[in-house]
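Coordinates from upload.cif are shown below (mmCIF, C-alpha atoms).
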data_data
loop_
_atom_site.group_PDB
_atom_site.id
_atom_site.type_symbol
_atom_site.label_atom_id
_atom_site.label_comp_id
_atom_site.auth_asym_id
_atom_site.auth_seq_id
_atom_site.Cartn_x
_atom_site.Cartn_y
_atom_site.Cartn_z
ATOM 1 C CA MET G 244 -5.290 48.404 -79.256
ATOM 2 C CA SER G 245 -5.794 45.825 -82.023
ATOM 3 C CA SER G 246 -2.057 45.085 -82.044
ATOM 4 C CA ILE G 247 -2.177 44.357 -78.299
ATOM 5 C CA LEU G 248 -5.086 41.993 -78.783
ATOM 6 C CA GLU G 249 -3.265 40.173 -81.585
ATOM 7 C CA SER G 250 -0.228 39.776 -79.325
ATOM 8 C CA VAL G 251 -2.359 38.443 -76.464
ATOM 9 C CA ASN G 252 -3.820 35.792 -78.745
ATOM 10 C CA LYS G 253 -0.452 34.618 -80.126
ATOM 11 C CA ARG G 254 1.768 34.407 -77.048
ATOM 12 C CA THR G 255 2.002 30.859 -75.705
ATOM 13 C CA GLN G 256 5.470 29.745 -76.735
ATOM 14 C CA LEU G 257 7.278 31.220 -73.710
ATOM 15 C CA VAL G 258 5.820 28.827 -71.148
ATOM 16 C CA GLY G 259 8.492 26.635 -69.580
ATOM 17 C CA GLN G 260 11.402 28.883 -70.515
ATOM 18 C CA ASN G 261 11.334 30.820 -67.226
ATOM 19 C CA ARG G 262 10.013 33.729 -69.280
ATOM 20 C CA LEU G 263 6.762 35.624 -69.365
ATOM 21 C CA GLU G 264 5.157 38.569 -71.049
ATOM 22 C CA LEU G 265 3.554 41.377 -69.117
ATOM 23 C CA LEU G 266 0.697 43.558 -70.296
ATOM 24 C CA LEU G 267 1.448 47.012 -68.876
ATOM 25 C CA PHE G 268 -1.353 49.286 -67.706
ATOM 26 C CA LYS G 269 -2.038 52.264 -65.451
ATOM 27 C CA LEU G 270 -4.717 53.060 -62.901
ATOM 28 C CA ASN G 271 -4.998 56.559 -61.422
ATOM 29 C CA GLY G 272 -1.659 58.270 -61.843
ATOM 30 C CA ARG G 273 1.670 57.505 -63.492
ATOM 31 C CA GLN G 274 2.492 54.215 -61.751
ATOM 32 C CA ARG G 275 2.756 51.280 -64.142
ATOM 33 C CA TYR G 276 1.359 47.859 -63.327
ATOM 34 C CA GLY G 277 1.702 44.522 -65.069
ATOM 35 C CA ILE G 278 -0.378 41.394 -65.575
ATOM 36 C CA ASN G 279 0.814 38.145 -67.124
ATOM 37 C CA VAL G 280 -0.454 37.892 -70.694
ATOM 38 C CA PHE G 281 -1.467 34.270 -70.101
ATOM 39 C CA LYS G 282 -4.113 35.519 -67.673
ATOM 40 C CA VAL G 283 -5.593 37.885 -70.274
ATOM 41 C CA LYS G 284 -8.439 36.784 -72.508
ATOM 42 C CA GLU G 285 -9.243 40.137 -74.054
ATOM 43 C CA VAL G 286 -8.698 43.896 -73.734
ATOM 44 C CA LEU G 287 -11.643 46.155 -74.535
ATOM 45 C CA GLN G 288 -12.677 49.762 -74.440
ATOM 46 C CA CYS G 289 -14.878 49.884 -71.370
ATOM 47 C CA PRO G 290 -18.494 49.226 -72.422
ATOM 48 C CA SER G 291 -21.599 50.496 -70.668
ATOM 49 C CA LEU G 292 -21.838 48.979 -67.213
ATOM 50 C CA THR G 293 -24.969 47.905 -65.413
ATOM 51 C CA LYS G 294 -25.054 48.680 -61.706
ATOM 52 C CA LEU G 295 -26.877 46.195 -59.527
ATOM 53 C CA PRO G 296 -27.935 46.580 -55.895
ATOM 54 C CA ARG G 297 -25.694 45.147 -53.173
ATOM 55 C CA LEU G 298 -22.650 44.761 -55.392
ATOM 56 C CA ASN G 299 -19.319 44.714 -53.631
ATOM 57 C CA PRO G 300 -18.111 48.351 -53.451
ATOM 58 C CA TYR G 301 -15.058 47.458 -55.539
ATOM 59 C CA VAL G 302 -17.229 46.131 -58.370
ATOM 60 C CA LYS G 303 -17.935 49.001 -60.743
ATOM 61 C CA GLY G 304 -20.747 47.167 -62.484
ATOM 62 C CA ILE G 305 -21.702 44.285 -64.728
ATOM 63 C CA ALA G 306 -20.768 44.088 -68.418
ATOM 64 C CA HIS G 307 -22.456 41.907 -71.022
ATOM 65 C CA ILE G 308 -19.723 40.738 -73.395
ATOM 66 C CA ARG G 309 -20.117 38.098 -76.106
ATOM 67 C CA GLY G 310 -23.065 36.507 -74.393
ATOM 68 C CA GLN G 311 -21.367 36.395 -70.987
ATOM 69 C CA THR G 312 -22.068 38.484 -67.894
ATOM 70 C CA ILE G 313 -18.830 39.679 -66.311
ATOM 71 C CA SER G 314 -18.208 41.588 -63.088
ATOM 72 C CA VAL G 315 -15.955 44.600 -63.656
ATOM 73 C CA ILE G 316 -13.655 45.358 -60.724
ATOM 74 C CA ASP G 317 -12.256 48.845 -60.191
ATOM 75 C CA LEU G 318 -8.648 47.790 -59.742
ATOM 76 C CA SER G 319 -7.623 51.136 -58.292
ATOM 77 C CA ALA G 320 -10.287 51.114 -55.578
ATOM 78 C CA ALA G 321 -9.702 47.430 -54.815
ATOM 79 C CA THR G 322 -6.040 48.105 -54.045
ATOM 80 C CA GLY G 323 -6.714 51.058 -51.746
ATOM 81 C CA GLY G 324 -6.458 53.848 -54.310
ATOM 82 C CA ARG G 325 -8.936 56.410 -55.583
ATOM 83 C CA PRO G 326 -11.852 54.933 -57.541
ATOM 84 C CA ILE G 327 -11.733 55.440 -61.292
ATOM 85 C CA GLU G 328 -14.547 57.935 -61.840
ATOM 86 C CA ASN G 329 -14.799 58.619 -65.562
ATOM 87 C CA ILE G 330 -14.908 55.310 -67.430
ATOM 88 C CA ASP G 331 -15.585 56.738 -70.894
ATOM 89 C CA ASN G 332 -11.947 56.491 -72.007
ATOM 90 C CA CYS G 333 -10.989 53.546 -69.823
ATOM 91 C CA PHE G 334 -10.394 49.900 -70.649
ATOM 92 C CA ILE G 335 -11.235 46.582 -69.113
ATOM 93 C CA ILE G 336 -8.794 43.706 -69.040
ATOM 94 C CA ILE G 337 -10.808 40.495 -69.172
ATOM 95 C CA SER G 338 -8.890 37.823 -67.340
ATOM 96 C CA GLU G 339 -9.301 34.301 -66.051
ATOM 97 C CA TYR G 340 -8.188 33.515 -62.520
ATOM 98 C CA ASN G 341 -9.027 30.484 -60.431
ATOM 99 C CA ARG G 342 -11.685 29.148 -62.800
ATOM 100 C CA SER G 343 -13.571 32.447 -63.017
ATOM 101 C CA VAL G 344 -13.640 35.243 -65.566
ATOM 102 C CA GLN G 345 -13.677 38.874 -64.474
ATOM 103 C CA GLY G 346 -12.918 42.282 -65.879
ATOM 104 C CA PHE G 347 -10.443 44.721 -64.366
ATOM 105 C CA LEU G 348 -11.177 48.396 -64.976
ATOM 106 C CA VAL G 349 -7.962 50.319 -65.737
ATOM 107 C CA SER G 350 -7.325 53.853 -66.937
ATOM 108 C CA SER G 351 -5.035 52.940 -69.824
ATOM 109 C CA VAL G 352 -3.314 49.963 -71.418
ATOM 110 C CA GLU G 353 0.188 50.455 -72.814
ATOM 111 C CA ARG G 354 1.949 47.489 -74.418
ATOM 112 C CA ILE G 355 3.279 43.975 -73.923
ATOM 113 C CA ILE G 356 6.877 43.396 -72.856
ATOM 114 C CA ASN G 357 8.912 40.195 -72.845
ATOM 115 C CA MET G 358 10.597 39.438 -69.502
ATOM 116 C CA ASN G 359 12.663 36.768 -67.806
ATOM 117 C CA TRP G 360 11.245 35.542 -64.491
ATOM 118 C CA GLU G 361 14.673 36.220 -62.962
ATOM 119 C CA ALA G 362 14.008 39.921 -63.524
ATOM 120 C CA ILE G 363 10.706 39.676 -61.633
ATOM 121 C CA LEU G 364 11.552 40.165 -57.959
ATOM 122 C CA PRO G 365 9.607 39.693 -54.737
ATOM 123 C CA PRO G 366 8.191 42.936 -53.306
ATOM 124 C CA PRO G 367 10.414 44.880 -50.892
ATOM 125 C CA LYS G 368 10.352 43.489 -47.358
ATOM 126 C CA GLY G 369 9.046 46.813 -46.090
ATOM 127 C CA ALA G 370 5.918 46.526 -48.224
ATOM 128 C CA GLY G 371 4.034 44.977 -45.291
ATOM 129 C CA LYS G 372 1.289 42.389 -45.040
ATOM 130 C CA ASP G 373 -1.341 44.836 -46.299
ATOM 131 C CA SER G 374 0.474 45.343 -49.599
ATOM 132 C CA TYR G 375 -1.229 44.207 -52.794
ATOM 133 C CA LEU G 376 2.087 43.512 -54.497
ATOM 134 C CA THR G 377 3.158 40.014 -55.405
ATOM 135 C CA ALA G 378 6.245 41.094 -57.375
ATOM 136 C CA VAL G 379 8.052 44.081 -58.873
ATOM 137 C CA THR G 380 10.345 44.671 -61.814
ATOM 138 C CA GLU G 381 12.103 47.579 -63.483
ATOM 139 C CA ILE G 382 11.362 48.696 -67.032
ATOM 140 C CA GLU G 383 12.993 51.713 -68.651
ATOM 141 C CA GLY G 384 14.210 52.907 -65.262
ATOM 142 C CA GLU G 385 10.738 52.791 -63.715
ATOM 143 C CA LEU G 386 9.321 50.404 -61.145
ATOM 144 C CA VAL G 387 6.480 48.211 -62.419
ATOM 145 C CA GLU G 388 4.230 46.641 -59.799
ATOM 146 C CA ILE G 389 2.636 43.226 -60.285
ATOM 147 C CA LEU G 390 -0.493 42.943 -58.201
ATOM 148 C CA ASP G 391 -1.578 40.014 -56.065
ATOM 149 C CA VAL G 392 -4.811 39.412 -57.945
ATOM 150 C CA GLU G 393 -5.669 36.400 -55.791
ATOM 151 C CA LYS G 394 -5.682 38.666 -52.749
ATOM 152 C CA ILE G 395 -7.927 41.161 -54.538
ATOM 153 C CA LEU G 396 -10.389 38.480 -55.618
ATOM 154 C CA ASP G 397 -10.396 36.897 -52.159
ATOM 155 C CA GLN G 398 -11.532 40.121 -50.527
ATOM 156 C CA ILE G 399 -14.357 40.472 -53.050
ATOM 157 C CA SER G 400 -15.477 36.853 -53.254
ATOM 158 C CA PRO G 401 -13.640 34.590 -50.777
ATOM 159 C CA VAL G 402 -13.165 31.024 -51.937
ATOM 160 C CA LYS G 403 -14.267 27.996 -49.940
ATOM 161 C CA THR G 404 -11.224 26.323 -48.393
ATOM 162 C CA GLU G 405 -12.789 23.452 -46.437
ATOM 163 C CA ILE G 406 -12.772 19.941 -47.866
ATOM 164 C CA SER G 407 -16.326 18.677 -48.303
ATOM 165 C CA LYS G 408 -17.524 15.820 -46.127
ATOM 166 C CA GLU G 409 -18.095 13.662 -49.215
ATOM 167 C CA ALA G 410 -14.551 14.220 -50.515
ATOM 168 C CA ASP G 411 -13.029 13.711 -47.083
ATOM 169 C CA GLU G 412 -14.701 10.324 -46.744
ATOM 170 C CA GLN G 413 -12.990 9.195 -49.963
ATOM 171 C CA LEU G 414 -9.480 9.906 -48.694
ATOM 172 C CA THR G 415 -7.295 6.933 -47.796
ATOM 173 C CA LEU G 416 -4.271 8.893 -46.566
ATOM 174 C CA ASP G 417 -2.821 7.699 -43.258
ATOM 175 C CA ARG G 418 -3.093 10.950 -41.297
ATOM 176 C CA GLU G 419 -1.148 9.508 -38.378
ATOM 177 C CA LYS G 420 2.020 9.530 -40.492
ATOM 178 C CA HIS G 421 2.050 13.370 -40.523
ATOM 179 C CA PHE G 422 3.622 13.587 -43.969
ATOM 180 C CA HIS G 423 5.887 16.594 -44.556
ATOM 181 C CA ILE G 424 5.098 18.579 -47.723
ATOM 182 C CA MET G 425 6.123 21.942 -49.164
ATOM 183 C CA VAL G 426 3.729 24.581 -50.543
ATOM 184 C CA ILE G 427 5.233 27.134 -52.939
ATOM 185 C CA ASP G 428 3.313 30.229 -54.037
ATOM 186 C CA ASP G 429 4.164 33.911 -54.376
ATOM 187 C CA SER G 430 0.734 34.925 -53.070
ATOM 188 C CA ALA G 431 0.443 34.868 -49.278
ATOM 189 C CA VAL G 432 -3.324 34.529 -49.684
ATOM 190 C CA ALA G 433 -2.898 31.473 -51.924
ATOM 191 C CA ARG G 434 -0.491 29.859 -49.466
ATOM 192 C CA LYS G 435 -2.962 30.347 -46.632
ATOM 193 C CA GLN G 436 -5.811 28.932 -48.726
ATOM 194 C CA ILE G 437 -3.832 25.766 -49.443
ATOM 195 C CA ILE G 438 -2.820 25.350 -45.810
ATOM 196 C CA ARG G 439 -6.408 25.813 -44.603
ATOM 197 C CA ALA G 440 -7.584 23.218 -47.123
ATOM 198 C CA LEU G 441 -4.990 20.616 -46.112
ATOM 199 C CA VAL G 442 -4.624 21.166 -42.384
ATOM 200 C CA SER G 443 -7.174 18.445 -41.585
ATOM 201 C CA LEU G 444 -4.988 15.845 -43.326
ATOM 202 C CA GLY G 445 -2.429 15.883 -40.525
ATOM 203 C CA LEU G 446 0.333 17.250 -42.746
ATOM 204 C CA GLN G 447 3.445 19.119 -41.719
ATOM 205 C CA ILE G 448 3.540 22.016 -44.189
ATOM 206 C CA ASP G 449 6.627 24.038 -45.059
ATOM 207 C CA THR G 450 6.279 27.048 -47.389
ATOM 208 C CA ALA G 451 8.317 29.031 -49.894
ATOM 209 C CA LYS G 452 7.353 32.209 -51.733
ATOM 210 C CA ASP G 453 8.948 31.348 -55.082
ATOM 211 C CA GLY G 454 10.767 28.612 -56.955
ATOM 212 C CA ARG G 455 14.233 29.873 -56.133
ATOM 213 C CA GLU G 456 13.594 29.925 -52.389
ATOM 214 C CA ALA G 457 12.081 26.434 -52.592
ATOM 215 C CA LEU G 458 15.044 25.088 -54.580
ATOM 216 C CA GLU G 459 17.491 26.574 -52.072
ATOM 217 C CA LYS G 460 15.664 24.858 -49.199
ATOM 218 C CA LEU G 461 15.549 21.537 -51.014
ATOM 219 C CA THR G 462 19.183 21.754 -52.099
ATOM 220 C CA ALA G 463 20.239 22.459 -48.516
ATOM 221 C CA MET G 464 18.396 19.309 -47.452
ATOM 222 C CA ALA G 465 20.083 17.374 -50.263
ATOM 223 C CA ALA G 466 23.459 18.258 -48.742
ATOM 224 C CA GLU G 467 22.420 16.273 -45.639
ATOM 225 C CA MET G 468 20.711 13.240 -47.217
ATOM 226 C CA ASP G 469 20.746 11.076 -50.327
ATOM 227 C CA ASP G 470 17.023 11.168 -51.089
ATOM 228 C CA VAL G 471 15.078 14.252 -50.004
ATOM 229 C CA SER G 472 11.779 12.564 -50.896
ATOM 230 C CA THR G 473 12.099 10.501 -47.706
ATOM 231 C CA GLU G 474 11.668 13.791 -45.811
ATOM 232 C CA ILE G 475 9.513 15.771 -48.247
ATOM 233 C CA PRO G 476 7.712 13.346 -50.552
ATOM 234 C CA LEU G 477 5.466 15.995 -52.165
ATOM 235 C CA ILE G 478 5.529 19.643 -53.147
ATOM 236 C CA ILE G 479 2.604 21.738 -54.352
ATOM 237 C CA SER G 480 3.840 24.599 -56.492
ATOM 238 C CA ASP G 481 2.364 27.579 -58.256
ATOM 239 C CA ILE G 482 3.619 28.164 -61.794
ATOM 240 C CA GLU G 483 3.830 31.961 -61.971
ATOM 241 C CA MET G 484 6.424 33.134 -59.447
ATOM 242 C CA PRO G 485 9.203 35.737 -59.258
ATOM 243 C CA GLU G 486 12.791 34.711 -59.989
ATOM 244 C CA MET G 487 11.955 31.083 -60.866
ATOM 245 C CA ASP G 488 8.656 29.729 -62.160
ATOM 246 C CA GLY G 489 7.126 26.379 -61.269
ATOM 247 C CA TYR G 490 8.057 24.725 -64.549
ATOM 248 C CA THR G 491 11.714 25.618 -64.129
ATOM 249 C CA LEU G 492 11.650 24.508 -60.485
ATOM 250 C CA THR G 493 10.220 21.136 -61.529
ATOM 251 C CA ALA G 494 12.894 20.688 -64.190
ATOM 252 C CA GLU G 495 15.608 21.521 -61.633
ATOM 253 C CA ILE G 496 14.168 18.952 -59.220
ATOM 254 C CA ARG G 497 14.136 16.247 -61.890
ATOM 255 C CA ASP G 498 17.750 17.027 -62.845
ATOM 256 C CA ASN G 499 19.004 16.566 -59.270
ATOM 257 C CA PRO G 500 19.510 12.886 -58.308
ATOM 258 C CA LYS G 501 18.778 13.666 -54.653
ATOM 259 C CA LEU G 502 15.533 15.509 -55.430
ATOM 260 C CA LYS G 503 14.179 13.676 -58.455
ATOM 261 C CA ASN G 504 11.901 11.328 -56.477
ATOM 262 C CA ILE G 505 9.860 14.174 -54.984
ATOM 263 C CA LYS G 506 6.299 14.222 -56.342
ATOM 264 C CA VAL G 507 5.427 17.603 -57.876
ATOM 265 C CA VAL G 508 1.860 18.895 -58.192
ATOM 266 C CA LEU G 509 1.570 22.135 -60.152
ATOM 267 C CA HIS G 510 -1.286 24.208 -58.745
ATOM 268 C CA THR G 511 -2.025 27.334 -60.725
ATOM 269 C CA SER G 512 -4.590 29.852 -61.850
ATOM 270 C CA LEU G 513 -3.275 29.517 -65.409
ATOM 271 C CA SER G 514 -5.505 27.556 -67.762
ATOM 272 C CA GLY G 515 -5.232 26.190 -71.258
ATOM 273 C CA VAL G 516 -4.201 23.107 -73.200
ATOM 274 C CA PHE G 517 -0.506 24.094 -73.222
ATOM 275 C CA ASN G 518 -0.314 23.491 -69.468
ATOM 276 C CA GLN G 519 -0.769 19.730 -69.776
ATOM 277 C CA ALA G 520 1.956 19.571 -72.394
ATOM 278 C CA MET G 521 4.328 21.424 -70.077
ATOM 279 C CA VAL G 522 3.450 19.154 -67.146
ATOM 280 C CA GLU G 523 4.679 16.230 -69.217
ATOM 281 C CA LYS G 524 7.680 18.093 -70.612
ATOM 282 C CA VAL G 525 9.175 19.098 -67.250
ATOM 283 C CA GLY G 526 8.195 15.889 -65.461
ATOM 284 C CA ALA G 527 5.563 17.118 -63.009
ATOM 285 C CA ASN G 528 3.299 14.443 -61.568
ATOM 286 C CA ASP G 529 0.055 16.380 -61.690
ATOM 287 C CA PHE G 530 -1.600 19.670 -62.632
ATOM 288 C CA ILE G 531 -4.553 21.225 -60.798
ATOM 289 C CA ALA G 532 -6.281 24.491 -61.606
ATOM 290 C CA LYS G 533 -6.865 26.745 -58.596
ATOM 291 C CA PHE G 534 -8.804 26.606 -56.389
ATOM 292 C CA ASN G 535 -10.821 23.552 -55.407
ATOM 293 C CA PRO G 536 -10.046 22.105 -51.957
ATOM 294 C CA ASP G 537 -11.601 18.729 -52.811
ATOM 295 C CA GLU G 538 -9.415 18.292 -55.910
ATOM 296 C CA LEU G 539 -6.356 19.481 -54.019
ATOM 297 C CA ALA G 540 -6.960 16.994 -51.204
ATOM 298 C CA ALA G 541 -7.589 14.202 -53.718
ATOM 299 C CA ALA G 542 -4.247 14.934 -55.419
ATOM 300 C CA VAL G 543 -2.397 14.893 -52.101
ATOM 301 C CA ASN G 544 -4.157 11.671 -51.192
ATOM 302 C CA LYS G 545 -3.235 10.124 -54.541
ATOM 303 C CA HIS G 546 0.470 10.926 -54.345
ATOM 304 C CA LEU G 547 0.996 10.216 -50.644
ATOM 305 C CA SER G 548 -0.960 6.969 -50.609
ATOM 306 C CA LEU G 549 1.163 5.241 -53.252
#
Would you mind writing the structure in this file as structure tokens?
Amino acid sequence: MSSILESVNKRTQLVGQNRLELLLFKLNGRQRYGINVFKVKEVLQCPSLTKLPRLNPYVKGIAHIRGQTISVIDLSAATGGRPIENIDNCFIIISEYNRSVQGFLVSSVERIINMNWEAILPPPKGAGKDSYLTAVTEIEGELVEILDVEKILDQISPVKTEISKEADEQLTLDREKHFHIMVIDDSAVARKQIIRALVSLGLQIDTAKDGREALEKLTAMAAEMDDVSTEIPLIISDIEMPEMDGYTLTAEIRDNPKLKNIKVVLHTSLSGVFNQAMVEKVGANDFIAKFNPDELAAAVNKHLSL
């Protein structure tokens, strides 16, 4: 376990290379799951948990770790599986998503593997809208499932998606122009959150589920016009996505003369100093941590009011 923790602490150099590292783990059964190492703060043997009244049924309890109180989510139960009953030999993966820290209870933690985003594929079309998958990949002949953590967290503690009255009054965007933007995110829940937050701004919103799909749509438009930014002046893109990440998408946009004038706002649950460096490196116009509707609206206002 100490070697896994050392690896988690050292891995930041892959950002922007369309690569990632997955921490593999299991819940109940043999199925392997993966979580991006950049989301992981720590992996611990499950400590004693405190149960509080009226906790969400998917929350196994509260852990007190390094002076911080953290909710521990039974990841198996939260995704429709059997609850993890005996926690004595289990682990918690402490992660940071959307400006909050939480622990995920898992049965076992295996190892970290280095992957290319091109090898991370969207879930099968037959998975259905109730699926908790955001991507899949194959490792050693076995399917590894990457869970839609934003969907899991939304069902436990839904985020506010409405723009506050105070923030709305500060917006100078001409809503009568009905600007056309594109929202790119591999999580259907995240896409819906963004759309709900921005719908009051009078925007026409197109969507794509990953960077490759977005680039294909934009490239098709480029075949019909000289400057796609006259049609789509702004895109809001997640960073972590199957097949092509947001950094690579941004670099591709900047390298295409017909796309290069599109404003790019990277909108992600990743956090850390290295993000700002990558924003500058690939030529994105802005970076916003998920999920604050006021900040999102302010960024749209900023880049569409120029």
Compile a residue-level contact table for range 304-388 of chain G against range 270-291 of chain G at a cut-off of 8 Å, reporting for every qualifying residue the shortest atom pair and its distance in Å to one decimal, with all atoms listed in the file counted, rows ordered by chain and ascending number, as JSON lines.
{"residue": "G:Ala306", "atom": "CA", "partner": "G:Ser291", "partner_atom": "CA", "distance": 6.8}
{"residue": "G:Leu318", "atom": "CA", "partner": "G:Leu270", "partner_atom": "CA", "distance": 7.3}
{"residue": "G:Ser319", "atom": "CA", "partner": "G:Leu270", "partner_atom": "CA", "distance": 5.8}
{"residue": "G:Gly324", "atom": "CA", "partner": "G:Asn271", "partner_atom": "CA", "distance": 7.7}
{"residue": "G:Arg325", "atom": "CA", "partner": "G:Asn271", "partner_atom": "CA", "distance": 7.0}
{"residue": "G:Ile327", "atom": "CA", "partner": "G:Asn271", "partner_atom": "CA", "distance": 6.8}
{"residue": "G:Ile330", "atom": "CA", "partner": "G:Cys289", "partner_atom": "CA", "distance": 6.7}
{"residue": "G:Asp331", "atom": "CA", "partner": "G:Cys289", "partner_atom": "CA", "distance": 6.9}
{"residue": "G:Asn332", "atom": "CA", "partner": "G:Gln288", "partner_atom": "CA", "distance": 7.2}
{"residue": "G:Cys333", "atom": "CA", "partner": "G:Cys289", "partner_atom": "CA", "distance": 5.6}
{"residue": "G:Phe334", "atom": "CA", "partner": "G:Gln288", "partner_atom": "CA", "distance": 4.4}
{"residue": "G:Ile335", "atom": "CA", "partner": "G:Cys289", "partner_atom": "CA", "distance": 5.4}
{"residue": "G:Ile336", "atom": "CA", "partner": "G:Val286", "partner_atom": "CA", "distance": 4.7}
{"residue": "G:Ile337", "atom": "CA", "partner": "G:Glu285", "partner_atom": "CA", "distance": 5.1}
{"residue": "G:Ser338", "atom": "CA", "partner": "G:Val283", "partner_atom": "CA", "distance": 4.4}
{"residue": "G:Glu339", "atom": "CA", "partner": "G:Lys282", "partner_atom": "CA", "distance": 5.6}
{"residue": "G:Tyr340", "atom": "CA", "partner": "G:Lys282", "partner_atom": "CA", "distance": 6.9}
{"residue": "G:Leu348", "atom": "CA", "partner": "G:Cys289", "partner_atom": "CA", "distance": 7.5}
{"residue": "G:Val349", "atom": "CA", "partner": "G:Leu270", "partner_atom": "CA", "distance": 5.1}
{"residue": "G:Ser350", "atom": "CA", "partner": "G:Leu270", "partner_atom": "CA", "distance": 4.9}
{"residue": "G:Ser351", "atom": "CA", "partner": "G:Leu270", "partner_atom": "CA", "distance": 6.9}
{"residue": "G:Ile355", "atom": "CA", "partner": "G:Val280", "partner_atom": "CA", "distance": 7.8}
{"residue": "G:Leu386", "atom": "CA", "partner": "G:Arg275", "partner_atom": "CA", "distance": 7.3}
{"residue": "G:Val387", "atom": "CA", "partner": "G:Arg275", "partner_atom": "CA", "distance": 5.1}
{"residue": "G:Glu388", "atom": "CA", "partner": "G:Tyr276", "partner_atom": "CA", "distance": 4.7}
> Pick the closest to Glu523 in chain G from G:Lys452, G:Arg497, G:Arg342, G:Arg439: which is it, counting only C-alpha atoms?
Replying inline: G:Arg497
> Got a sec: who's within 12 Å of Val442 in chain G, counting all atoms listed in the file, leaving out chain neighbours fewer than 4 positions off, as a ChimeraX atom specification?
Replying inline: /G:404-406,418,421-424,434-438,446-449,536,539-540,543
> Which is closer to His546 in chain G than all the others in G:Val352, G:Val302, G:Leu396, G:Leu414, using all atoms listed in the file?
Replying inline: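 Nearest to His546 in chain G: G:Leu414.
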> the PyMOL selection byres ((chain G and resi 360) around 7) on the file shown: which residues, as a list in words?
Replying inline: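 Given this file, the PyMOL selection byres ((chain G and resi 360) around 7) evaluates to Asn261, Arg262, Leu263, Met358, Asn359, Glu361, Ala362, Ile363, Pro485, Glu486, Met487 and Asp488 of chain G.
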Dump of C-alpha atoms for the selected residues, as a PDB file, in the coordinates of the input:
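Listed below is the output, part_15.pdb:
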ATOM      1  CA  ASN G 261      11.334  30.820 -67.226  1.00  0.00           C
ATOM      2  CA  ARG G 262      10.013  33.729 -69.280  1.00  0.00           C
ATOM      3  CA  LEU G 263       6.762  35.624 -69.365  1.00  0.00           C
ATOM      4  CA  MET G 358      10.597  39.438 -69.502  1.00  0.00           C
ATOM      5  CA  ASN G 359      12.663  36.768 -67.806  1.00  0.00           C
ATOM      6  CA  GLU G 361      14.673  36.220 -62.962  1.00  0.00           C
ATOM      7  CA  ALA G 362      14.008  39.921 -63.524  1.00  0.00           C
ATOM      8  CA  ILE G 363      10.706  39.676 -61.633  1.00  0.00           C
ATOM      9  CA  PRO G 485       9.203  35.737 -59.258  1.00  0.00           C
ATOM     10  CA  GLU G 486      12.791  34.711 -59.989  1.00  0.00           C
ATOM     11  CA  MET G 487      11.955  31.083 -60.866  1.00  0.00           C
ATOM     12  CA  ASP G 488       8.656  29.729 -62.160  1.00  0.00           C
TER      13      ASP G 488
END
List every residue of range 364-440 of chain G that has an atom at most 10 Å from any atom of range 498-511 of chain G, and for each one report the closest atom pair and its distance in Å to one decimal, counting only C-alpha atoms, with rows sorted by chain and then by increasing residue number, as CSV.
residue,atom,partner,partner_atom,distance
G:Ile424,CA,G:Lys506,CA,9.7
G:Met425,CA,G:Val507,CA,9.8
G:Val426,CA,G:His510,CA,9.6
G:Ile427,CA,G:His510,CA,9.2
G:Asp428,CA,G:His510,CA,8.9
G:Ala433,CA,G:Thr511,CA,9.8
G:Ile437,CA,G:His510,CA,9.8
> Residues at most 12 Å from Ala541 in chain G, counting all atoms listed in the file, excluding those fewer than 6 positions away in the same chain, as a list of chain:residue names?
Replying inline: G:Ile406, G:Ser407, G:Glu409, G:Ala410, G:Asp411, G:Glu412, G:Gln413, G:Leu414, G:Thr415, G:Leu416, G:Ala440, G:Leu441, G:Leu444, G:Val508, G:Asp529, G:Ile531, G:Asn535, G:Leu547, G:Ser548
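For the pair CA of Asn299 in chain G and CA of Phe268 in chain G, the interatomic distance is 23.3 Å.
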> Contacts of Ala378 in chain G at 6 Å or less, counting only C-alpha atoms, minus same-chain residues fewer than 3 places along, as a VMD selection string?
Replying inline: chain G and resid 364 to 366 389
Export C-alpha atoms of the chosen residues as a PDB file, in the frame of the given file?
ATOM      1  CA  LEU G 364      11.552  40.165 -57.959  1.00  0.00           C
ATOM      2  CA  PRO G 365       9.607  39.693 -54.737  1.00  0.00           C
ATOM      3  CA  PRO G 366       8.191  42.936 -53.306  1.00  0.00           C
ATOM      4  CA  ILE G 389       2.636  43.226 -60.285  1.00  0.00           C
TER       5      ILE G 389
END
>> Restricting the calculation to only C-alpha atoms: of G:Val402, G:Ala457, G:Ala494, G:Ala463, which residue gets closest to Lys533 in chain G?
In response: G:Val402
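The gap separating CA of Asp417 in chain G from CA of Thr473 in chain G is 15.8 Å, in Å to one decimal.
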Report as AutoDock Vina command-line options the centre and the edge lengths, in Å to one decimal, of the axis-aligned box holding every listed atom of range 406-418 of chain G, padded by 6 Å on each side.
--center_x -10.5 --center_y 13.4 --center_z -45.9 --size_x 27.3 --size_y 25.0 --size_z 21.2
> How many Å lie between CA of Glu385 in chain G and CA of Phe347 in chain G, rounded to one decimal?
Replying inline: 22.7 Å
> What would the list of residues within 8 Å of (-16.2, 54.5, -57.9) (file frame) look like as a list in words, if only C-alpha atoms are what count?
Replying inline: Pro300, Tyr301, Lys303, Asp317, Ala320, Arg325, Pro326, Ile327 and Glu328 of chain G
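Proximity of G:Thr493, G:Asn329, G:Thr377, G:Gln311 to Leu477 in chain G, computed with only C-alpha atoms, is greatest for G:Thr493.
The residue that comes closest to Asn341 in chain G, out of G:Lys368, G:His307, G:Lys524, G:Lys403 and on the basis of only C-alpha atoms, is G:Lys403.
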